[in-house]
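A short worksheet on the structure shown next.
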Amino acid sequence: MTTRADRRPVGVFDSGVGGLTVLSELRRRLPDESTLYLGDNGRAPYGPRSADEVRAFTSECVAWLLGQDVKLLVVACNTATAQALPLVRDQADVPVVGVVRPGAVAAAAATRSGHVGVVATAGTVTSGAYPVAIGEANPAMIVSQQACPTLVPLVEAGKVEGPDAEREVRGYLEPMLAEDPEIDTLLLGCTHYPLLRPTIERVAGRGVAVVDSAFTTAIAVEDLLDALLGRTDLSGSARHRIATTGDVAAFTGVAERVFGDRLPGVESVRLEATVSLKA
Ligand code: DGL
């Protein structure tokens, strides 16, 4: 195919460090694309916030990324996707990819029993976005959901393994899997949770496939580039930037677990409050 060589970066947004799990897969799959990541760590977690707050914060992050001239936006946050995707699509003049549909596709492809467990933030669970999206992928599937409000703060604090992680993960998964023994696939419906994957897999046990949205989101981005924008060939000179609204040292400590020495210097960003929460 012809390449129009749009060298602008792909923008990736999450409430914090979780979207790095999606960014990592994007960089693996599309090594010639430049990327720009924004984590709103200063205001994470989004999960317990009202839908209005999530929409307002998401809109501010999206405005910043658009101001940096990204060519495509990945909302690498399930909570923001579940509560704000239509708003982001209205706001952005570039193509937008969320993570809920790709996550639903990954779960539908993995299950044999047809019974999927979704673990996610309270905001994502309450939105009902996953039961709807999984039902669209396969209406015969049964979906059980479990909100896990303590997991995002654990990951943001860098406690991705050890006794605290083990206790919290067990507290959520064991009752869910005991109540629904037909669950053979556990969908990590929050982009922070893949950072807890070894603990989650150990607790879920061998009979349960643990899937997330990173791989299928990267495929969705690849498809969009092919269909609309063309691929960039920066022949090894792709540029990667990562920015946070929170504490740079804390962000770097967790981000190094994902990217190791491929982590670029983390930038500090102050967002303009573009949306008023109060009337
Ligand atoms: N990574 C976000 C998600 O996928 C976490 C949301 C939060 O900050 O609570 O939902």
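Ordering of the structure tokens sets the chain letters (A, B, ...); residue numbers start at 1 within each chain; ligands are numbered from 1 in the order shown.
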Using only C-alpha atoms and all ligand atoms, which protein or nucleic acid residues are at most 9 Å from ligand 1, as a PDB file with N, CA, C and O atoms, in the first residue's frame?
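pocket_9.pdb written:
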ATOM      1  N   ASP A  14      -4.049   7.605  29.605  1.00  0.00           N
ATOM      2  CA  ASP A  14      -4.633   6.829  30.707  1.00  0.00           C
ATOM      3  C   ASP A  14      -4.671   7.716  31.951  1.00  0.00           C
ATOM      4  O   ASP A  14      -3.992   8.749  32.007  1.00  0.00           O
ATOM      5  N   SER A  15      -5.430   7.280  32.936  1.00  0.00           N
ATOM      6  CA  SER A  15      -5.461   8.011  34.207  1.00  0.00           C
ATOM      7  C   SER A  15      -4.109   7.940  34.916  1.00  0.00           C
ATOM      8  O   SER A  15      -3.845   8.736  35.813  1.00  0.00           O
ATOM      9  N   GLY A  16      -3.284   6.968  34.555  1.00  0.00           N
ATOM     10  CA  GLY A  16      -2.009   6.819  35.262  1.00  0.00           C
ATOM     11  C   GLY A  16      -1.040   5.951  34.491  1.00  0.00           C
ATOM     12  O   GLY A  16      -0.841   6.142  33.286  1.00  0.00           O
ATOM     13  N   VAL A  17      -0.459   4.955  35.188  1.00  0.00           N
ATOM     14  CA  VAL A  17       0.560   4.111  34.547  1.00  0.00           C
ATOM     15  C   VAL A  17      -0.036   2.956  33.748  1.00  0.00           C
ATOM     16  O   VAL A  17       0.672   2.310  32.976  1.00  0.00           O
ATOM     17  N   GLY A  18      -1.336   2.674  33.943  1.00  0.00           N
ATOM     18  CA  GLY A  18      -1.923   1.475  33.343  1.00  0.00           C
ATOM     19  C   GLY A  18      -1.810   1.423  31.827  1.00  0.00           C
ATOM     20  O   GLY A  18      -1.509   0.382  31.240  1.00  0.00           O
ATOM     21  N   GLY A  19      -2.030   2.553  31.169  1.00  0.00           N
ATOM     22  CA  GLY A  19      -1.997   2.578  29.702  1.00  0.00           C
ATOM     23  C   GLY A  19      -0.642   2.231  29.130  1.00  0.00           C
ATOM     24  O   GLY A  19      -0.512   1.957  27.933  1.00  0.00           O
ATOM     25  N   ASP A  40      -2.560  10.741  33.657  1.00  0.00           N
ATOM     26  CA  ASP A  40      -3.105  11.779  34.547  1.00  0.00           C
ATOM     27  C   ASP A  40      -2.941  11.331  36.005  1.00  0.00           C
ATOM     28  O   ASP A  40      -3.900  11.376  36.788  1.00  0.00           O
ATOM     29  N   ASN A  41      -1.725  10.925  36.362  1.00  0.00           N
ATOM     30  CA  ASN A  41      -1.480  10.365  37.696  1.00  0.00           C
ATOM     31  C   ASN A  41      -1.843  11.321  38.825  1.00  0.00           C
ATOM     32  O   ASN A  41      -2.176  10.891  39.918  1.00  0.00           O
ATOM     33  N   ARG A  43      -4.381  12.860  39.197  1.00  0.00           N
ATOM     34  CA  ARG A  43      -5.806  12.755  39.561  1.00  0.00           C
ATOM     35  C   ARG A  43      -6.309  11.312  39.580  1.00  0.00           C
ATOM     36  O   ARG A  43      -7.512  11.067  39.709  1.00  0.00           O
ATOM     37  N   ALA A  44      -5.385  10.336  39.410  1.00  0.00           N
ATOM     38  CA  ALA A  44      -5.776   8.921  39.506  1.00  0.00           C
ATOM     39  C   ALA A  44      -6.047   8.581  40.973  1.00  0.00           C
ATOM     40  O   ALA A  44      -5.441   9.196  41.854  1.00  0.00           O
ATOM     41  N   PRO A  45      -6.927   7.626  41.251  1.00  0.00           N
ATOM     42  CA  PRO A  45      -7.671   6.809  40.298  1.00  0.00           C
ATOM     43  C   PRO A  45      -8.941   7.495  39.780  1.00  0.00           C
ATOM     44  O   PRO A  45      -9.558   8.284  40.489  1.00  0.00           O
ATOM     45  N   TYR A  46      -9.303   7.176  38.541  1.00  0.00           N
ATOM     46  CA  TYR A  46     -10.557   7.651  37.964  1.00  0.00           C
ATOM     47  C   TYR A  46     -11.730   6.763  38.387  1.00  0.00           C
ATOM     48  O   TYR A  46     -12.885   7.209  38.385  1.00  0.00           O
ATOM     49  N   GLY A  47     -11.429   5.494  38.694  1.00  0.00           N
ATOM     50  CA  GLY A  47     -12.483   4.497  38.929  1.00  0.00           C
ATOM     51  C   GLY A  47     -13.579   4.920  39.880  1.00  0.00           C
ATOM     52  O   GLY A  47     -14.760   4.709  39.606  1.00  0.00           O
ATOM     53  N   PRO A  48     -13.246   5.502  41.053  1.00  0.00           N
ATOM     54  CA  PRO A  48     -14.314   5.866  41.987  1.00  0.00           C
ATOM     55  C   PRO A  48     -14.960   7.212  41.680  1.00  0.00           C
ATOM     56  O   PRO A  48     -15.878   7.626  42.392  1.00  0.00           O
ATOM     57  N   ARG A  49     -14.497   7.934  40.684  1.00  0.00           N
ATOM     58  CA  ARG A  49     -15.017   9.283  40.408  1.00  0.00           C
ATOM     59  C   ARG A  49     -16.363   9.219  39.678  1.00  0.00           C
ATOM     60  O   ARG A  49     -16.685   8.212  39.043  1.00  0.00           O
ATOM     61  N   VAL A  75      -7.474   5.871  23.745  1.00  0.00           N
ATOM     62  CA  VAL A  75      -7.926   6.048  25.124  1.00  0.00           C
ATOM     63  C   VAL A  75      -7.619   4.727  25.832  1.00  0.00           C
ATOM     64  O   VAL A  75      -8.411   3.796  25.806  1.00  0.00           O
ATOM     65  N   ALA A  76      -6.413   4.643  26.421  1.00  0.00           N
ATOM     66  CA  ALA A  76      -5.924   3.379  26.989  1.00  0.00           C
ATOM     67  C   ALA A  76      -6.360   3.238  28.441  1.00  0.00           C
ATOM     68  O   ALA A  76      -5.600   2.785  29.295  1.00  0.00           O
ATOM     69  N   CYS A  77      -7.572   3.654  28.706  1.00  0.00           N
ATOM     70  CA  CYS A  77      -8.164   3.611  30.044  1.00  0.00           C
ATOM     71  C   CYS A  77      -9.599   3.119  29.859  1.00  0.00           C
ATOM     72  O   CYS A  77     -10.384   3.733  29.123  1.00  0.00           O
ATOM     73  N   ASN A  78      -9.909   1.997  30.509  1.00  0.00           N
ATOM     74  CA  ASN A  78     -11.263   1.446  30.366  1.00  0.00           C
ATOM     75  C   ASN A  78     -12.310   2.367  30.964  1.00  0.00           C
ATOM     76  O   ASN A  78     -13.400   2.524  30.415  1.00  0.00           O
ATOM     77  N   THR A  79     -11.970   2.981  32.104  1.00  0.00           N
ATOM     78  CA  THR A  79     -12.937   3.836  32.775  1.00  0.00           C
ATOM     79  C   THR A  79     -13.280   5.034  31.886  1.00  0.00           C
ATOM     80  O   THR A  79     -14.451   5.389  31.723  1.00  0.00           O
ATOM     81  N   ALA A  80     -12.260   5.647  31.292  1.00  0.00           N
ATOM     82  CA  ALA A  80     -12.494   6.789  30.396  1.00  0.00           C
ATOM     83  C   ALA A  80     -13.187   6.342  29.111  1.00  0.00           C
ATOM     84  O   ALA A  80     -14.063   7.040  28.592  1.00  0.00           O
ATOM     85  N   THR A  81     -12.814   5.161  28.609  1.00  0.00           N
ATOM     86  CA  THR A  81     -13.486   4.652  27.408  1.00  0.00           C
ATOM     87  C   THR A  81     -14.961   4.407  27.696  1.00  0.00           C
ATOM     88  O   THR A  81     -15.845   4.813  26.937  1.00  0.00           O
ATOM     89  N   ALA A  82     -15.227   3.757  28.849  1.00  0.00           N
ATOM     90  CA  ALA A  82     -16.603   3.395  29.178  1.00  0.00           C
ATOM     91  C   ALA A  82     -17.479   4.629  29.385  1.00  0.00           C
ATOM     92  O   ALA A  82     -18.653   4.626  29.065  1.00  0.00           O
ATOM     93  N   VAL A  99     -10.489   1.075  24.522  1.00  0.00           N
ATOM     94  CA  VAL A  99      -9.989  -0.264  24.860  1.00  0.00           C
ATOM     95  C   VAL A  99     -11.090  -1.274  25.195  1.00  0.00           C
ATOM     96  O   VAL A  99     -10.810  -2.460  25.320  1.00  0.00           O
ATOM     97  N   VAL A 100     -12.337  -0.812  25.326  1.00  0.00           N
ATOM     98  CA  VAL A 100     -13.384  -1.745  25.755  1.00  0.00           C
ATOM     99  C   VAL A 100     -13.737  -2.742  24.633  1.00  0.00           C
ATOM    100  O   VAL A 100     -13.781  -3.957  24.862  1.00  0.00           O
ATOM    101  N   ALA A 120     -12.648  -4.988  36.864  1.00  0.00           N
ATOM    102  CA  ALA A 120     -12.487  -3.621  36.367  1.00  0.00           C
ATOM    103  C   ALA A 120     -12.678  -2.648  37.514  1.00  0.00           C
ATOM    104  O   ALA A 120     -12.930  -3.049  38.656  1.00  0.00           O
ATOM    105  N   THR A 121     -12.572  -1.359  37.205  1.00  0.00           N
ATOM    106  CA  THR A 121     -12.831  -0.344  38.233  1.00  0.00           C
ATOM    107  C   THR A 121     -14.347  -0.250  38.477  1.00  0.00           C
ATOM    108  O   THR A 121     -15.156  -0.711  37.655  1.00  0.00           O
ATOM    109  N   ALA A 122     -14.703   0.414  39.577  1.00  0.00           N
ATOM    110  CA  ALA A 122     -16.132   0.585  39.890  1.00  0.00           C
ATOM    111  C   ALA A 122     -16.827   1.350  38.760  1.00  0.00           C
ATOM    112  O   ALA A 122     -17.944   1.010  38.362  1.00  0.00           O
ATOM    113  N   GLY A 123     -16.148   2.369  38.213  1.00  0.00           N
ATOM    114  CA  GLY A 123     -16.753   3.165  37.141  1.00  0.00           C
ATOM    115  C   GLY A 123     -17.051   2.339  35.903  1.00  0.00           C
ATOM    116  O   GLY A 123     -18.115   2.475  35.285  1.00  0.00           O
ATOM    117  N   THR A 124     -16.109   1.471  35.536  1.00  0.00           N
ATOM    118  CA  THR A 124     -16.306   0.640  34.346  1.00  0.00           C
ATOM    119  C   THR A 124     -17.425  -0.371  34.586  1.00  0.00           C
ATOM    120  O   THR A 124     -18.291  -0.579  33.726  1.00  0.00           O
ATOM    121  N   PRO A 149     -11.785  -1.988  43.554  1.00  0.00           N
ATOM    122  CA  PRO A 149     -11.356  -0.598  43.771  1.00  0.00           C
ATOM    123  C   PRO A 149      -9.965  -0.407  44.356  1.00  0.00           C
ATOM    124  O   PRO A 149      -9.381   0.658  44.194  1.00  0.00           O
ATOM    125  N   LEU A 151      -7.187  -2.043  43.526  1.00  0.00           N
ATOM    126  CA  LEU A 151      -6.060  -2.488  42.692  1.00  0.00           C
ATOM    127  C   LEU A 151      -5.332  -1.340  41.983  1.00  0.00           C
ATOM    128  O   LEU A 151      -4.103  -1.361  41.876  1.00  0.00           O
ATOM    129  N   VAL A 152      -6.061  -0.327  41.494  1.00  0.00           N
ATOM    130  CA  VAL A 152      -5.370   0.786  40.814  1.00  0.00           C
ATOM    131  C   VAL A 152      -4.449   1.528  41.791  1.00  0.00           C
ATOM    132  O   VAL A 152      -3.265   1.756  41.481  1.00  0.00           O
ATOM    133  N   PRO A 153      -4.932   1.890  43.003  1.00  0.00           N
ATOM    134  CA  PRO A 153      -4.001   2.532  43.945  1.00  0.00           C
ATOM    135  C   PRO A 153      -2.777   1.671  44.271  1.00  0.00           C
ATOM    136  O   PRO A 153      -1.676   2.192  44.416  1.00  0.00           O
ATOM    137  N   GLU A 156      -0.476   1.994  41.229  1.00  0.00           N
ATOM    138  CA  GLU A 156       0.106   3.350  41.195  1.00  0.00           C
ATOM    139  C   GLU A 156       1.197   3.489  42.256  1.00  0.00           C
ATOM    140  O   GLU A 156       2.168   4.231  42.065  1.00  0.00           O
ATOM    141  N   LEU A 188      -9.132  -8.699  32.028  1.00  0.00           N
ATOM    142  CA  LEU A 188      -8.618  -7.591  32.831  1.00  0.00           C
ATOM    143  C   LEU A 188      -9.157  -6.307  32.205  1.00  0.00           C
ATOM    144  O   LEU A 188      -8.594  -5.782  31.252  1.00  0.00           O
ATOM    145  N   GLY A 189     -10.287  -5.830  32.747  1.00  0.00           N
ATOM    146  CA  GLY A 189     -10.978  -4.679  32.159  1.00  0.00           C
ATOM    147  C   GLY A 189     -10.480  -3.355  32.695  1.00  0.00           C
ATOM    148  O   GLY A 189     -11.230  -2.377  32.781  1.00  0.00           O
ATOM    149  N   CYS A 190      -9.224  -3.324  33.077  1.00  0.00           N
ATOM    150  CA  CYS A 190      -8.557  -2.095  33.520  1.00  0.00           C
ATOM    151  C   CYS A 190      -7.112  -2.235  33.080  1.00  0.00           C
ATOM    152  O   CYS A 190      -6.486  -3.283  33.312  1.00  0.00           O
ATOM    153  N   THR A 191      -6.585  -1.199  32.435  1.00  0.00           N
ATOM    154  CA  THR A 191      -5.243  -1.343  31.858  1.00  0.00           C
ATOM    155  C   THR A 191      -4.141  -1.369  32.922  1.00  0.00           C
ATOM    156  O   THR A 191      -2.990  -1.675  32.603  1.00  0.00           O
ATOM    157  N   HIS A 192      -4.492  -1.056  34.166  1.00  0.00           N
ATOM    158  CA  HIS A 192      -3.501  -1.214  35.240  1.00  0.00           C
ATOM    159  C   HIS A 192      -3.286  -2.694  35.591  1.00  0.00           C
ATOM    160  O   HIS A 192      -2.218  -3.062  36.070  1.00  0.00           O
ATOM    161  N   TYR A 193      -4.312  -3.514  35.441  1.00  0.00           N
ATOM    162  CA  TYR A 193      -4.260  -4.867  35.991  1.00  0.00           C
ATOM    163  C   TYR A 193      -3.224  -5.788  35.349  1.00  0.00           C
ATOM    164  O   TYR A 193      -2.725  -6.691  36.035  1.00  0.00           O
TER     165      TYR A 193
END
### Query
Do you know which residues are at most 12 Å from Thr244 in chain A counting only C-alpha atoms, after dropping those on the same chain fewer than 3 positions away, and could you put them as a PyMOL selection string?
chain A and resi 12-17+19-20+36-44+61+64-65+241+247-252+255+265-271
Saved selection, atoms kept: N, CA, C and O atoms, as a CSV table (one decimal), in the first residue's frame:
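Result written to out-v1.csv:
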chain,number,residue,atom,x,y,z
A,12,VAL,N,-1.5,8.5,23.3
A,12,VAL,CA,-2.0,7.4,24.2
A,12,VAL,C,-2.3,8.1,25.6
A,12,VAL,O,-1.5,8.7,26.1
A,13,PHE,N,-3.5,7.8,26.1
A,13,PHE,CA,-3.9,8.4,27.3
A,13,PHE,C,-4.4,7.4,28.3
A,13,PHE,O,-5.1,6.5,28.0
A,14,ASP,N,-4.0,7.6,29.6
A,14,ASP,CA,-4.6,6.8,30.7
A,14,ASP,C,-4.7,7.7,32.0
A,14,ASP,O,-4.0,8.7,32.0
A,15,SER,N,-5.4,7.3,32.9
A,15,SER,CA,-5.5,8.0,34.2
A,15,SER,C,-4.1,7.9,34.9
A,15,SER,O,-3.8,8.7,35.8
A,16,GLY,N,-3.3,7.0,34.6
A,16,GLY,CA,-2.0,6.8,35.3
A,16,GLY,C,-1.0,6.0,34.5
A,16,GLY,O,-0.8,6.1,33.3
A,17,VAL,N,-0.5,5.0,35.2
A,17,VAL,CA,0.6,4.1,34.5
A,17,VAL,C,0.0,3.0,33.7
A,17,VAL,O,0.7,2.3,33.0
A,19,GLY,N,-2.0,2.6,31.2
A,19,GLY,CA,-2.0,2.6,29.7
A,19,GLY,C,-0.6,2.2,29.1
A,19,GLY,O,-0.5,2.0,27.9
A,20,LEU,N,0.4,2.2,30.0
A,20,LEU,CA,1.7,1.8,29.5
A,20,LEU,C,1.7,0.4,29.0
A,20,LEU,O,2.5,0.0,28.1
A,36,LEU,N,3.2,9.4,21.9
A,36,LEU,CA,3.2,10.4,23.0
A,36,LEU,C,2.2,9.9,24.0
A,36,LEU,O,1.0,9.7,23.7
A,37,TYR,N,2.6,9.6,25.2
A,37,TYR,CA,1.8,9.1,26.3
A,37,TYR,C,1.5,10.1,27.3
A,37,TYR,O,2.4,10.9,27.8
A,38,LEU,N,0.3,10.2,27.8
A,38,LEU,CA,0.0,11.1,28.9
A,38,LEU,C,-0.8,10.3,30.0
A,38,LEU,O,-1.8,9.7,29.7
A,39,GLY,N,-0.2,10.3,31.2
A,39,GLY,CA,-0.8,9.7,32.4
A,39,GLY,C,-1.3,10.8,33.3
A,39,GLY,O,-0.5,11.6,33.7
A,40,ASP,N,-2.6,10.7,33.7
A,40,ASP,CA,-3.1,11.8,34.5
A,40,ASP,C,-2.9,11.3,36.0
A,40,ASP,O,-3.9,11.4,36.8
A,41,ASN,N,-1.7,10.9,36.4
A,41,ASN,CA,-1.5,10.4,37.7
A,41,ASN,C,-1.8,11.3,38.8
A,41,ASN,O,-2.2,10.9,39.9
A,42,GLY,N,-1.8,12.6,38.5
A,42,GLY,CA,-2.1,13.6,39.6
A,42,GLY,C,-3.5,13.5,40.0
A,42,GLY,O,-3.8,13.9,41.1
A,43,ARG,N,-4.4,12.9,39.2
A,43,ARG,CA,-5.8,12.8,39.6
A,43,ARG,C,-6.3,11.3,39.6
A,43,ARG,O,-7.5,11.1,39.7
A,44,ALA,N,-5.4,10.3,39.4
A,44,ALA,CA,-5.8,8.9,39.5
A,44,ALA,C,-6.0,8.6,41.0
A,44,ALA,O,-5.4,9.2,41.9
A,61,CYS,N,-7.3,16.0,29.2
A,61,CYS,CA,-6.1,15.3,28.8
A,61,CYS,C,-6.1,15.2,27.2
A,61,CYS,O,-5.0,15.3,26.6
A,64,TRP,N,-4.9,18.3,25.7
A,64,TRP,CA,-3.5,18.5,25.7
A,64,TRP,C,-2.8,17.7,24.6
A,64,TRP,O,-1.9,18.2,23.9
A,65,LEU,N,-3.3,16.4,24.5
A,65,LEU,CA,-2.7,15.6,23.4
A,65,LEU,C,-2.9,16.1,22.0
A,65,LEU,O,-2.0,16.1,21.2
A,241,ARG,N,7.7,9.9,23.6
A,241,ARG,CA,7.6,10.8,24.8
A,241,ARG,C,6.6,10.3,25.8
A,241,ARG,O,5.6,9.8,25.3
A,247,ASP,N,3.6,12.8,40.1
A,247,ASP,CA,4.9,12.8,40.6
A,247,ASP,C,5.8,12.0,39.6
A,247,ASP,O,5.6,10.8,39.3
A,248,VAL,N,6.8,12.7,39.0
A,248,VAL,CA,7.7,12.1,38.0
A,248,VAL,C,8.4,10.9,38.5
A,248,VAL,O,8.5,9.8,37.9
A,249,ALA,N,9.0,11.0,39.7
A,249,ALA,CA,9.8,9.9,40.3
A,249,ALA,C,9.0,8.7,40.5
A,249,ALA,O,9.4,7.5,40.2
A,250,ALA,N,7.8,8.9,41.1
A,250,ALA,CA,6.9,7.7,41.3
A,250,ALA,C,6.4,7.1,40.0
A,250,ALA,O,6.4,5.8,39.9
A,251,PHE,N,6.1,7.9,39.0
A,251,PHE,CA,5.7,7.4,37.7
A,251,PHE,C,6.9,6.6,37.1
A,251,PHE,O,6.7,5.5,36.6
A,252,THR,N,8.1,7.1,37.2
A,252,THR,CA,9.2,6.5,36.6
A,252,THR,C,9.5,5.1,37.2
A,252,THR,O,9.8,4.1,36.5
A,255,ALA,N,6.9,2.8,35.8
A,255,ALA,CA,7.1,2.7,34.3
A,255,ALA,C,8.3,1.9,33.9
A,255,ALA,O,8.3,1.2,32.9
A,265,GLY,N,12.9,9.8,29.1
A,265,GLY,CA,12.8,10.7,30.3
A,265,GLY,C,11.3,11.1,30.4
A,265,GLY,O,10.7,11.5,29.5
A,266,VAL,N,10.8,11.0,31.6
A,266,VAL,CA,9.4,11.3,31.9
A,266,VAL,C,9.2,12.8,32.1
A,266,VAL,O,9.9,13.5,32.9
A,267,GLU,N,8.3,13.4,31.3
A,267,GLU,CA,8.0,14.9,31.4
A,267,GLU,C,6.9,15.2,32.4
A,267,GLU,O,6.0,14.4,32.5
A,268,SER,N,7.0,16.3,33.0
A,268,SER,CA,5.9,16.8,33.9
A,268,SER,C,5.0,17.7,33.1
A,268,SER,O,5.5,18.6,32.4
A,269,VAL,N,3.7,17.5,33.3
A,269,VAL,CA,2.7,18.4,32.5
A,269,VAL,C,1.7,19.0,33.5
A,269,VAL,O,1.2,18.3,34.4
A,270,ARG,N,1.4,20.2,33.3
A,270,ARG,CA,0.3,20.8,34.0
A,270,ARG,C,-0.8,21.1,33.0
A,270,ARG,O,-0.6,21.7,32.0
A,271,LEU,N,-2.0,20.6,33.3
A,271,LEU,CA,-3.1,20.7,32.4
A,271,LEU,C,-3.9,22.0,32.6
A,271,LEU,O,-4.1,22.4,33.8
### Which of range 40-247 of chain A DSSP labels helix (DSSP H, G or I), written as a PyMOL selection string
chain A and resi 41-43+51-67+78-91+100-110+122-127+129-137+151-156+163-179+193-204+214-229
### Query
At what distance in Å, to one decimal, does CA of Gly98 in chain A lie from CA of Ser50 in chain A?
19.2 Å
### Query
Pick from A:Val258, A:Met141, A:Ile200, A:Ala243: nearest to Val116 in chain A, with only C-alpha atoms counted?
A:Met141
### Task
Could you find all residues in range 36-145 of chain A that DSSP calls strand (DSSP E) from the backbone, and write them as number ranges by chain?
A: 36-39, 72-75, 96-98, 115-120, 142-145
#### Entry: Near-Pro198 in chain A list (10 Å; only C-alpha atoms; drop same-chain fewer than 4 positions) as a PyMOL selection string
chain A and resi 160-161+166+194+202-204
### Query
Pick the closest to Glu256 in chain A from A:Ala214, A:Leu195, A:Ala238, A:Ala147: which is it, counting only C-alpha atoms?
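Counting only C-alpha atoms, the residue closest to Glu256 in chain A is A:Leu195.
Remark: for Ala92 in chain A, the closest of the candidate residues A:Pro31, A:Gly236, A:Gly67, A:Gly117 is A:Gly67 (distances computed over only C-alpha atoms).
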### Query
Which neighbours of Ser237 in chain A fall inside 12 Å, counting only C-alpha atoms, when residues of the same chain fewer than 2 positions from it are skipped, and could you give them as a list in words?
Arg7, Pro31, Asp32, Glu33, Ser34, Thr35, Thr232, Asp233, Leu234, Ser235, Arg239 and His240 of chain A
#### Entry: Proximity to Val70 in chain A - best of A:Pro9, A:Val119, A:Thr111, A:Asp52, only C-alpha atoms
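Closest candidate: A:Pro9.
Going from CA of Leu186 in chain A to CA of Asp164 in chain A covers 20.7 Å.
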